[in-house]
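Student: model_13.cif is the file, holding mmCIF, C-alpha atoms:
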data_work
loop_
_atom_site.label_atom_id
_atom_site.label_comp_id
_atom_site.auth_asym_id
_atom_site.auth_seq_id
_atom_site.Cartn_x
_atom_site.Cartn_y
_atom_site.Cartn_z
CA MET A 171 57.07 7.13 42.76
CA GLN A 172 54.59 7.98 45.45
CA SER A 173 55.77 9.15 48.83
CA SER A 174 55.40 6.25 51.27
CA PRO A 175 56.30 5.60 54.92
CA THR A 176 59.27 3.48 53.81
CA ILE A 177 60.70 6.26 51.63
CA ASN A 178 60.18 8.84 54.37
CA LEU A 179 61.85 6.52 56.86
CA LEU A 180 64.88 6.13 54.58
CA ARG A 181 65.11 9.89 54.16
CA THR A 182 64.92 10.39 57.92
CA LEU A 183 67.62 7.78 58.54
CA PHE A 184 69.85 9.43 55.96
CA VAL A 185 69.47 12.85 57.62
CA VAL A 186 70.21 11.32 61.05
CA PHE A 187 73.24 9.52 59.60
CA ALA A 188 74.54 12.78 58.11
CA ALA A 189 74.06 14.53 61.46
CA VAL A 190 75.99 11.75 63.29
CA ILE A 191 78.85 11.92 60.77
CA GLY A 192 78.90 15.69 61.16
CA TRP A 193 79.02 15.34 64.99
CA ARG A 194 81.94 12.93 64.76
CA SER A 195 83.77 15.08 62.22
CA GLY A 196 83.29 18.14 64.44
CA GLU A 197 84.84 16.28 67.37
CA ILE A 198 87.86 15.15 65.39
CA PHE A 199 88.71 18.17 63.25
CA TRP A 200 87.27 21.25 65.00
CA ASN A 201 86.69 20.10 68.56
CA ALA A 202 83.16 21.48 68.09
CA PRO A 203 80.71 18.58 67.79
CA TYR A 204 77.62 20.80 67.76
CA ILE A 205 78.88 22.78 64.78
CA GLY A 206 79.72 19.55 62.97
CA CYS A 207 76.29 18.16 63.75
CA ALA A 208 74.64 21.29 62.33
CA VAL A 209 76.74 21.08 59.17
CA GLY A 210 75.91 17.38 58.74
CA LEU A 211 72.21 18.01 59.35
CA ALA A 212 72.19 20.83 56.77
CA THR A 213 74.00 18.60 54.27
CA GLY A 214 71.52 15.75 54.77
CA LEU A 215 68.52 18.05 54.34
CA THR A 216 70.08 19.52 51.19
CA VAL A 217 70.48 16.05 49.69
CA VAL A 218 66.85 15.18 50.54
CA LEU A 219 65.72 18.44 48.95
CA ALA A 220 67.70 17.55 45.82
CA ASP A 221 65.91 14.19 45.84
CA PHE A 222 62.56 16.01 45.69
CA LEU A 223 63.76 18.28 42.88
CA LEU A 224 65.00 15.33 40.79
CA LYS A 225 61.70 13.43 40.76
CA GLY A 226 61.55 13.59 36.95
CA PHE A 227 65.20 12.59 36.46
CA SER A 228 65.10 9.38 34.41
CA LEU A 229 67.43 6.40 34.71
CA ARG A 230 68.55 6.87 31.10
CA LEU A 231 69.51 10.48 31.80
CA PHE A 232 71.31 9.39 34.96
CA SER A 233 73.33 6.74 33.07
CA SER A 234 74.31 9.31 30.42
CA ALA A 235 75.36 11.78 33.10
CA THR A 236 77.41 9.10 34.89
CA PHE A 237 79.17 8.15 31.66
CA GLY A 238 79.99 11.80 30.95
CA LEU A 239 81.18 12.27 34.50
CA LEU A 240 83.57 9.32 34.11
CA LEU A 241 84.96 10.67 30.83
CA GLY A 242 85.48 14.11 32.36
CA PHE A 243 87.22 12.58 35.38
CA LEU A 244 89.58 10.56 33.15
CA ALA A 245 90.38 13.63 31.03
CA ALA A 246 91.21 15.63 34.16
CA GLN A 247 93.41 12.81 35.46
CA LEU A 248 95.31 12.66 32.15
CA LEU A 249 95.86 16.42 32.25
CA LEU A 250 97.16 16.37 35.83
CA ALA A 251 99.31 13.31 35.12
CA SER A 252 101.17 15.26 32.44
CA GLY A 253 103.14 17.04 35.15
CA VAL A 254 101.76 20.57 34.84
CA LEU A 255 101.71 20.90 38.65
CA ASP A 256 105.07 19.32 39.45
CA TYR A 257 106.55 22.59 40.67
CA ALA A 258 103.50 23.85 42.55
CA SER A 259 103.17 23.74 46.32
CA LYS A 260 101.18 21.01 48.04
CA ASP A 261 98.25 23.31 48.84
CA MET A 262 98.26 24.70 45.31
CA LYS A 263 98.27 21.18 43.83
CA TRP A 264 95.26 20.26 45.94
CA LEU A 265 93.29 23.38 45.02
CA VAL A 266 94.09 23.33 41.29
CA GLY A 267 93.54 19.55 41.09
CA LEU A 268 90.11 19.83 42.71
CA THR A 269 89.18 22.66 40.32
CA VAL A 270 90.32 20.71 37.25
CA TYR A 271 88.49 17.54 38.32
CA ALA A 272 85.27 19.45 39.05
CA THR A 273 85.42 21.45 35.79
CA PHE A 274 86.16 18.52 33.47
CA SER A 275 83.64 16.29 35.21
CA TYR A 276 80.93 18.92 34.89
CA ILE A 277 81.67 19.56 31.21
CA GLY A 278 81.73 15.82 30.43
CA MET A 279 78.47 15.26 32.27
CA MET A 280 76.66 18.11 30.49
CA LEU A 281 77.94 17.05 27.07
CA ALA A 282 76.75 13.47 27.66
CA VAL A 283 73.31 14.61 28.83
CA ARG A 284 72.84 16.78 25.73
CA SER A 285 74.04 14.06 23.34
CA ASN A 286 71.96 11.31 21.79
CA ARG A 287 73.03 7.70 21.83
CA ASP A 288 74.26 7.67 18.23
CA GLU A 289 76.88 10.27 19.14
CA PHE A 290 78.39 7.88 21.69
CA ALA A 291 79.70 5.86 18.74
CA PHE A 292 82.38 8.53 18.29
CA VAL A 293 83.53 7.99 21.87
CA ILE A 294 83.34 4.17 21.95
CA PRO A 295 84.83 2.88 18.65
CA TYR A 296 83.14 -0.09 16.92
CA VAL A 297 80.17 0.08 19.27
CA ARG A 298 76.82 1.22 17.94
CA PHE A 299 73.71 1.45 20.04
CA ARG A 300 70.60 0.01 18.40
CA ARG A 301 68.40 2.78 17.11
CA GLU A 302 64.99 2.12 18.56
CA THR A 303 61.81 3.17 16.87
CA VAL A 304 59.70 5.95 18.27
CA GLN A 305 57.26 3.40 19.60
CA ASP A 306 60.03 1.57 21.51
CA GLU A 307 61.54 4.74 22.92
CA VAL A 308 58.42 6.57 24.07
CA PRO A 309 55.69 4.93 26.16
CA MET A 310 52.06 5.91 25.81
CA ILE A 311 50.11 7.32 28.76
CA VAL A 312 46.46 6.26 28.51
CA ASP A 313 43.50 8.09 30.03
CA SER A 314 40.25 6.55 31.26
CA ASN A 315 38.28 7.50 28.13
CA ILE A 316 40.48 5.47 25.84
CA ILE A 317 40.19 2.39 28.08
CA ILE A 318 36.40 2.73 28.26
CA ASP A 319 36.31 3.21 24.47
CA GLY A 320 37.39 -0.41 24.01
CA ARG A 321 39.23 -0.09 20.70
CA LEU A 322 42.74 0.13 22.17
CA PRO A 323 43.60 -3.62 22.38
CA GLU A 324 42.60 -4.33 18.79
CA LEU A 325 44.41 -1.22 17.56
CA ALA A 326 47.59 -2.18 19.44
CA LYS A 327 47.51 -5.69 17.95
CA THR A 328 47.76 -4.22 14.46
CA GLY A 329 51.23 -2.84 15.27
CA PHE A 330 50.47 0.73 14.21
CA ILE A 331 50.97 2.07 17.74
CA SER A 332 53.23 1.15 20.63
CA THR A 333 52.26 -1.79 22.82
CA SER A 334 53.87 -0.19 25.89
CA PHE A 335 51.21 1.57 27.96
CA VAL A 336 51.39 3.56 31.18
CA ILE A 337 48.26 3.74 33.33
CA PRO A 338 48.49 6.44 36.01
CA HIS A 339 47.17 5.40 39.41
CA PHE A 340 44.62 8.23 39.42
CA VAL A 341 43.18 6.90 36.13
CA LEU A 342 42.79 3.50 37.79
CA GLU A 343 41.00 5.18 40.69
CA GLU A 344 38.74 6.96 38.20
CA LEU A 345 37.76 3.62 36.65
CA GLN A 346 37.19 2.12 40.09
CA THR A 347 34.89 4.99 41.03
CA LEU A 348 32.98 4.44 37.79
CA ALA A 349 32.71 0.69 38.48
CA ASP A 350 31.26 1.43 41.95
CA SER A 351 28.72 3.95 40.63
CA HIS A 352 25.06 3.62 41.57
CA ASP A 353 24.14 4.19 37.93
CA GLN A 354 23.88 0.78 36.26
CA LEU A 355 25.16 1.97 32.87
CA LYS A 356 28.20 3.72 34.38
CA ARG A 357 28.89 0.74 36.64
CA GLU A 358 28.84 -1.64 33.68
CA ARG A 359 31.16 0.58 31.64
CA GLY A 360 33.61 0.85 34.53
CA ARG A 361 33.67 -2.89 35.15
CA MET A 362 34.15 -3.66 31.47
CA ALA A 363 37.02 -1.14 31.32
CA LEU A 364 38.75 -2.74 34.33
CA ALA A 365 38.28 -6.21 32.85
CA ARG A 366 39.70 -5.03 29.54
CA LEU A 367 42.68 -3.48 31.30
CA GLN A 368 43.35 -6.73 33.17
CA GLU A 369 43.26 -8.66 29.89
CA MET A 370 45.83 -6.28 28.45
CA GLN A 371 48.08 -6.81 31.49
CA ASN A 372 47.91 -10.57 31.00
CA HIS A 373 48.52 -10.37 27.25
CA PRO A 374 52.14 -11.39 26.43
CA ASP A 375 52.47 -8.81 23.64
CA PHE A 376 51.44 -5.82 25.79
CA SER A 377 53.40 -3.99 28.45
CA VAL A 378 51.03 -2.31 30.91
CA THR A 379 52.59 -0.36 33.77
CA ILE A 380 50.58 1.11 36.65
CA THR A 381 52.48 4.16 37.84
CA GLY A 382 52.01 6.00 41.11
CA THR A 383 54.19 9.04 40.39
CA ALA A 384 53.53 11.75 42.96
CA LEU A 385 51.60 14.65 41.46
CA ASP A 386 49.55 17.53 42.79
CA PRO A 387 46.56 15.78 44.43
CA PHE A 388 44.38 18.87 44.00
CA ALA A 389 44.98 19.22 40.25
CA ALA A 390 42.39 18.14 37.69
CA VAL A 391 42.83 14.77 36.01
CA ASP A 392 43.64 16.33 32.63
CA SER A 393 46.29 18.55 34.22
CA LYS A 394 47.88 15.57 35.95
CA LEU A 395 47.95 13.61 32.68
CA VAL A 396 49.76 16.45 30.92
CA GLN A 397 52.12 16.92 33.86
CA LEU A 398 52.98 13.21 33.94
CA ALA A 399 53.58 13.14 30.18
CA LYS A 400 55.98 16.08 30.48
CA MET A 401 57.82 14.52 33.43
CA THR A 402 58.32 11.16 31.71
CA ASN A 403 58.72 12.47 28.14
CA ALA A 404 55.87 10.16 27.09
CA ARG A 405 53.09 10.44 24.54
CA LEU A 406 49.47 10.86 25.56
CA LEU A 407 46.79 8.66 23.98
CA THR A 408 43.16 9.78 24.33
CA ASN A 409 39.96 10.46 22.40
CA ASP A 410 39.32 13.76 24.22
CA SER A 411 39.86 16.62 21.76
CA ASN A 412 40.10 19.25 24.51
CA LEU A 413 42.76 17.27 26.38
CA CYS A 414 44.71 16.87 23.13
CA SER A 415 44.63 20.62 22.49
CA ILE A 416 45.78 21.45 26.03
CA ALA A 417 48.60 18.87 25.87
CA ARG A 418 49.87 20.04 22.49
CA MET A 419 49.91 23.68 23.62
CA GLN A 420 52.24 22.60 26.44
CA GLY A 421 54.59 20.72 24.14
CA VAL A 422 53.29 17.20 24.85
CA THR A 423 52.79 14.77 21.96
CA ALA A 424 49.11 13.80 22.10
CA LEU A 425 47.41 11.23 19.88
CA ASN A 426 43.66 11.42 19.37
CA LEU A 427 42.05 8.11 18.46
CA ASN A 428 39.13 9.96 16.87
CA ASP A 429 41.54 11.73 14.52
CA LEU A 430 42.84 8.34 13.43
CA ASN A 431 39.30 7.15 12.83
CA LYS A 432 38.59 10.21 10.67
CA ALA A 433 41.79 9.69 8.69
CA LEU A 434 40.77 6.10 7.91
CA ARG A 435 37.37 7.01 6.54
CA PRO A 436 36.98 5.99 2.90
CA VAL A 437 37.29 8.86 0.48
CA LEU A 438 34.17 8.94 -1.70
CA SER A 439 33.41 11.34 -4.49
CA THR A 440 30.67 11.78 -7.06
CA GLY A 441 30.51 8.86 -9.46
CA ASP A 442 32.04 6.24 -7.14
CA GLU A 443 30.22 2.92 -6.91
CA ILE A 444 30.09 0.83 -3.72
CA ASP A 445 28.17 -2.11 -2.27
CA LEU A 446 25.89 -1.03 0.57
CA VAL A 447 23.44 -2.75 2.92
CA LEU A 448 20.26 -0.69 3.29
CA ALA A 449 19.51 -0.61 7.01
CA ARG A 450 16.50 1.67 7.43
CA GLU A 451 14.01 3.94 5.72
CA GLY A 452 14.95 7.45 4.64
CA ARG A 453 13.13 10.69 5.34
CA ASP A 454 11.38 10.71 1.96
CA ALA A 455 9.03 7.92 0.95
CA HIS A 456 11.32 6.48 -1.71
CA GLN A 457 14.59 6.71 0.20
CA ALA A 458 16.59 4.09 2.10
CA VAL A 459 19.66 4.61 4.27
CA GLY A 460 22.84 2.58 4.58
CA TYR A 461 25.99 3.05 6.65
CA LEU A 462 29.68 2.58 5.97
CA SER A 463 31.88 0.77 8.48
CA ASP A 464 32.89 4.07 10.10
CA GLY A 465 29.26 5.17 10.54
CA THR A 466 29.08 7.49 7.52
CA MET A 467 25.45 7.70 6.33
CA ILE A 468 24.49 7.27 2.68
CA VAL A 469 20.95 8.12 1.52
CA VAL A 470 19.90 6.08 -1.52
CA ASN A 471 17.09 7.39 -3.70
CA HIS A 472 14.33 5.08 -4.98
CA ALA A 473 15.60 2.15 -2.89
CA ARG A 474 12.86 1.70 -0.28
CA ALA A 475 11.89 -1.66 -1.80
CA HIS A 476 15.37 -3.07 -1.15
CA LEU A 477 15.50 -2.55 2.63
CA GLY A 478 17.65 -5.16 4.37
CA LYS A 479 19.44 -6.08 1.14
CA ALA A 480 22.93 -5.40 -0.20
CA VAL A 481 22.76 -3.23 -3.31
CA ARG A 482 25.15 -1.52 -5.68
CA VAL A 483 24.89 2.27 -5.51
CA SER A 484 26.54 5.19 -7.23
CA ILE A 485 27.38 8.38 -5.30
CA SER A 486 25.46 11.27 -6.86
CA SER A 487 26.22 14.17 -4.48
CA VAL A 488 27.93 15.05 -1.20
CA LEU A 489 26.54 17.42 1.43
CA GLN A 490 28.83 18.84 4.13
CA THR A 491 27.01 19.21 7.47
CA SER A 492 28.06 20.18 10.99
CA ALA A 493 28.06 16.49 11.91
CA GLY A 494 30.19 15.47 8.92
CA ARG A 495 29.62 14.54 5.30
CA LEU A 496 26.28 13.18 4.08
CA PHE A 497 26.26 11.21 0.85
CA PHE A 498 23.38 10.79 -1.61
CA ALA A 499 23.39 7.90 -4.03
CA GLU A 500 21.38 6.34 -6.82
CA LEU A 501 20.50 2.67 -7.00
CA LYS A 502 22.45 0.72 -9.60
CA GLN A 503 21.36 -2.90 -9.13
CA ALA A 504 20.53 -5.44 -6.44
CA ALA A 505 23.56 -7.43 -5.31
#
Please express the file's structure as structure tokens.

Tutor:
Amino acid sequence: MQSSPTINLLRTLFVVFAAVIGWRSGEIFWNAPYIGCAVGLATGLTVVLADFLLKGFSLRLFSSATFGLLLGFLAAQLLLASGVLDYASKDMKWLVGLTVYATFSYIGMMLAVRSNRDEFAFVIPYVRFRRETVQDEVPMIVDSNIIIDGRLPELAKTGFISTSFVIPHFVLEELQTLADSHDQLKRERGRMALARLQEMQNHPDFSVTITGTALDPFAAVDSKLVQLAKMTNARLLTNDSNLCSIARMQGVTALNLNDLNKALRPVLSTGDEIDLVLAREGRDAHQAVGYLSDGTMIVVNHARAHLGKAVRVSISSVLQTSAGRLFFAELKQAA
């Protein structure tokens, strides 16, 4: 969550409250209100510092830690209730009891944090937590390129990816800057991306969250995307190959939409027959060119007379180029 005047006010009030409690405690117990005030002030500042350090601490992790803390506390209480300290002095009982409570609570909390939800079934008999799919458990952080691309809504409707998306606030600002550009093409792309994002927010099957998590304002956008994905344990969805490589090197699960598109390309080999619409002339006088749905180009020999028609062709050879595979085919018959 972004730092705001309200949050800073609450932190200030908490520190002041801690200082007042320390002042009062110093008056009552030590007859030294200034020392108590200093101790309370230091305690309040320490808690606020811990708040800054726990920015990435999720609610799920907190609930697990609380459950483990409760189990550890109950185990310590059962141990002390067994009478092991019946013959100890009052001061010794207090010191040993505090140590036992702190130790068992810490161990219970750490065990719960390191455990997955299925392991809780051994602690709570007859209760099983529903195992969620990967898509339900992990949200997808989306960058500006994937929103501008325009294929995300249709892809999400197929059910192959999660429908829970996280849009960082700096990505929204990036789209806004693009929509306000003086360049007409960029302005149109930005406005279409914002409109598409608004449609996704209003769609009942999509969950679109605009997050304002505080990050380094001077960091590059790609760095902030990777940092946010690591903080929230989320997946990153993009069509930027460089961003994917950087994210994966840092242990972040990154999905490249272009990789998916390549994986879905039809596998053609020599001898295969397909129906193809001839869209334009080829480089040689007798050639015509057609395209598959993914943009793959097929050059058909002796087919110039069938331009604009759907024909049956047979793949004769495949040429691997730097831009991808180029297919050559022979005309079979007019469709």

Student: Here's a test: counting all atoms listed in the file, identify every protein, DNA and RNA residue with an atom at most 12 Å from (47.3, -0.7, 21.5) in the file's coordinate frame, and state them as a compact mmCIF listing (two decimals) with C-alpha atoms, keeping the file's coordinate frame.

Tutor:
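What follows is the written file out_1.txt:
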# COMPACT_ATOMS: atom_id res chain seq x y z
CA GLN A 305 57.26 3.40 19.60
CA PRO A 309 55.69 4.93 26.16
CA MET A 310 52.06 5.91 25.81
CA ILE A 311 50.11 7.32 28.76
CA VAL A 312 46.46 6.26 28.51
CA ILE A 316 40.48 5.47 25.84
CA ILE A 317 40.19 2.39 28.08
CA GLY A 320 37.39 -0.41 24.01
CA ARG A 321 39.23 -0.09 20.70
CA LEU A 322 42.74 0.13 22.17
CA PRO A 323 43.60 -3.62 22.38
CA GLU A 324 42.60 -4.33 18.79
CA LEU A 325 44.41 -1.22 17.56
CA ALA A 326 47.59 -2.18 19.44
CA LYS A 327 47.51 -5.69 17.95
CA THR A 328 47.76 -4.22 14.46
CA GLY A 329 51.23 -2.84 15.27
CA PHE A 330 50.47 0.73 14.21
CA ILE A 331 50.97 2.07 17.74
CA SER A 332 53.23 1.15 20.63
CA THR A 333 52.26 -1.79 22.82
CA SER A 334 53.87 -0.19 25.89
CA PHE A 335 51.21 1.57 27.96
CA VAL A 336 51.39 3.56 31.18
CA ARG A 366 39.70 -5.03 29.54
CA LEU A 367 42.68 -3.48 31.30
CA MET A 370 45.83 -6.28 28.45
CA GLN A 371 48.08 -6.81 31.49
CA HIS A 373 48.52 -10.37 27.25
CA ASP A 375 52.47 -8.81 23.64
CA PHE A 376 51.44 -5.82 25.79
CA SER A 377 53.40 -3.99 28.45
CA VAL A 378 51.03 -2.31 30.91
CA LEU A 407 46.79 8.66 23.98
CA THR A 408 43.16 9.78 24.33
CA LEU A 427 42.05 8.11 18.46

Student: With only C-alpha atoms as the counted atoms, please give the residues lying no more than 6 Å from Leu448 (chain A), apart from itself and same-chain residues fewer than 5 positions off, as a PyMOL selection string.

Tutor: chain A and resi 459-460+477-479

Student: Do a neighbour search on region 194-199 of chain A at 10 Å with all atoms listed in the file, toss out local chain neighbours closer than 5 positions, and write the hits as a list in words.

Tutor: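 Contacts, in chain order: Ala188, Ala189, Tyr204, Ile205, Gly206, Cys207, Ala208, Val209 and Gly210 of chain A.
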
Student: Those residues you just picked out, can you put them in a file as a PDB file, keeping the file's coordinate frame with C-alpha atoms?

Tutor:
ATOM      1  CA  ALA A 188      74.540  12.780  58.110  1.00  0.00           C
ATOM      2  CA  ALA A 189      74.060  14.530  61.460  1.00  0.00           C
ATOM      3  CA  TYR A 204      77.620  20.800  67.760  1.00  0.00           C
ATOM      4  CA  ILE A 205      78.880  22.780  64.780  1.00  0.00           C
ATOM      5  CA  GLY A 206      79.720  19.550  62.970  1.00  0.00           C
ATOM      6  CA  CYS A 207      76.290  18.160  63.750  1.00  0.00           C
ATOM      7  CA  ALA A 208      74.640  21.290  62.330  1.00  0.00           C
ATOM      8  CA  VAL A 209      76.740  21.080  59.170  1.00  0.00           C
ATOM      9  CA  GLY A 210      75.910  17.380  58.740  1.00  0.00           C
TER      10      GLY A 210
END

Student: Hey, what comes out of the PyMOL selection byres ((chain A and resi 480-487) around 10) on this file? Could you write it as number ranges by chain?

Tutor: A: 438-449, 460, 468-471, 473, 476-479, 488-489, 496-505

Student: May I have the residues from that selection written out with C-alpha atoms, as an mmCIF file, in the frame of the given file?

Tutor:
data_model
loop_
_atom_site.group_PDB
_atom_site.id
_atom_site.type_symbol
_atom_site.label_atom_id
_atom_site.label_comp_id
_atom_site.auth_asym_id
_atom_site.auth_seq_id
_atom_site.Cartn_x
_atom_site.Cartn_y
_atom_site.Cartn_z
ATOM 1 C CA LEU A 438 34.170 8.940 -1.700
ATOM 2 C CA SER A 439 33.410 11.340 -4.490
ATOM 3 C CA THR A 440 30.670 11.780 -7.060
ATOM 4 C CA GLY A 441 30.510 8.860 -9.460
ATOM 5 C CA ASP A 442 32.040 6.240 -7.140
ATOM 6 C CA GLU A 443 30.220 2.920 -6.910
ATOM 7 C CA ILE A 444 30.090 0.830 -3.720
ATOM 8 C CA ASP A 445 28.170 -2.110 -2.270
ATOM 9 C CA LEU A 446 25.890 -1.030 0.570
ATOM 10 C CA VAL A 447 23.440 -2.750 2.920
ATOM 11 C CA LEU A 448 20.260 -0.690 3.290
ATOM 12 C CA ALA A 449 19.510 -0.610 7.010
ATOM 13 C CA GLY A 460 22.840 2.580 4.580
ATOM 14 C CA ILE A 468 24.490 7.270 2.680
ATOM 15 C CA VAL A 469 20.950 8.120 1.520
ATOM 16 C CA VAL A 470 19.900 6.080 -1.520
ATOM 17 C CA ASN A 471 17.090 7.390 -3.700
ATOM 18 C CA ALA A 473 15.600 2.150 -2.890
ATOM 19 C CA HIS A 476 15.370 -3.070 -1.150
ATOM 20 C CA LEU A 477 15.500 -2.550 2.630
ATOM 21 C CA GLY A 478 17.650 -5.160 4.370
ATOM 22 C CA LYS A 479 19.440 -6.080 1.140
ATOM 23 C CA VAL A 488 27.930 15.050 -1.200
ATOM 24 C CA LEU A 489 26.540 17.420 1.430
ATOM 25 C CA LEU A 496 26.280 13.180 4.080
ATOM 26 C CA PHE A 497 26.260 11.210 0.850
ATOM 27 C CA PHE A 498 23.380 10.790 -1.610
ATOM 28 C CA ALA A 499 23.390 7.900 -4.030
ATOM 29 C CA GLU A 500 21.380 6.340 -6.820
ATOM 30 C CA LEU A 501 20.500 2.670 -7.000
ATOM 31 C CA LYS A 502 22.450 0.720 -9.600
ATOM 32 C CA GLN A 503 21.360 -2.900 -9.130
ATOM 33 C CA ALA A 504 20.530 -5.440 -6.440
ATOM 34 C CA ALA A 505 23.560 -7.430 -5.310
#

Student: Between A:Thr236, A:Val270, A:Ala455, A:Val396, single out the one closest to Ala251 (chain A), counting only C-alpha atoms.

Tutor: A:Val270

Student: Provide region 341-358 of chain A rebuilt to N, CA and C atoms, formatted as a CSV table (one decimal), keeping the file's coordinate frame.

Tutor:
chain,number,residue,atom,x,y,z
A,341,VAL,N,44.1,7.4,37.2
A,341,VAL,CA,43.2,6.9,36.1
A,341,VAL,C,42.5,5.6,36.6
A,342,LEU,N,43.3,4.7,37.2
A,342,LEU,CA,42.8,3.5,37.8
A,342,LEU,C,41.7,3.8,38.8
A,343,GLU,N,42.0,4.8,39.7
A,343,GLU,CA,41.0,5.2,40.7
A,343,GLU,C,39.7,5.7,40.0
A,344,GLU,N,39.9,6.4,38.9
A,344,GLU,CA,38.7,7.0,38.2
A,344,GLU,C,37.9,5.8,37.7
A,345,LEU,N,38.5,4.8,37.1
A,345,LEU,CA,37.8,3.6,36.6
A,345,LEU,C,37.1,2.9,37.8
A,346,GLN,N,37.8,2.8,38.9
A,346,GLN,CA,37.2,2.1,40.1
A,346,GLN,C,36.0,2.9,40.6
A,347,THR,N,36.0,4.2,40.6
A,347,THR,CA,34.9,5.0,41.0
A,347,THR,C,33.7,4.8,40.1
A,348,LEU,N,34.0,4.7,38.8
A,348,LEU,CA,33.0,4.4,37.8
A,348,LEU,C,32.4,3.1,38.0
A,349,ALA,N,33.2,2.1,38.3
A,349,ALA,CA,32.7,0.7,38.5
A,349,ALA,C,31.9,0.6,39.7
A,350,ASP,N,32.0,1.5,40.7
A,350,ASP,CA,31.3,1.4,42.0
A,350,ASP,C,30.1,2.4,41.9
A,351,SER,N,29.8,3.0,40.7
A,351,SER,CA,28.7,4.0,40.6
A,351,SER,C,27.4,3.3,40.9
A,352,HIS,N,26.4,4.1,41.4
A,352,HIS,CA,25.1,3.6,41.6
A,352,HIS,C,24.3,3.5,40.2
A,353,ASP,N,24.8,4.3,39.2
A,353,ASP,CA,24.1,4.2,37.9
A,353,ASP,C,24.6,2.9,37.2
A,354,GLN,N,23.6,2.1,36.8
A,354,GLN,CA,23.9,0.8,36.3
A,354,GLN,C,24.7,0.9,35.0
A,355,LEU,N,24.4,1.8,34.1
A,355,LEU,CA,25.2,2.0,32.9
A,355,LEU,C,26.6,2.3,33.1
A,356,LYS,N,26.8,3.3,34.0
A,356,LYS,CA,28.2,3.7,34.4
A,356,LYS,C,28.9,2.6,35.0
A,357,ARG,N,28.3,1.9,35.9
A,357,ARG,CA,28.9,0.7,36.6
A,357,ARG,C,29.3,-0.3,35.7
A,358,GLU,N,28.5,-0.6,34.7
A,358,GLU,CA,28.8,-1.6,33.7
A,358,GLU,C,30.0,-1.2,32.8
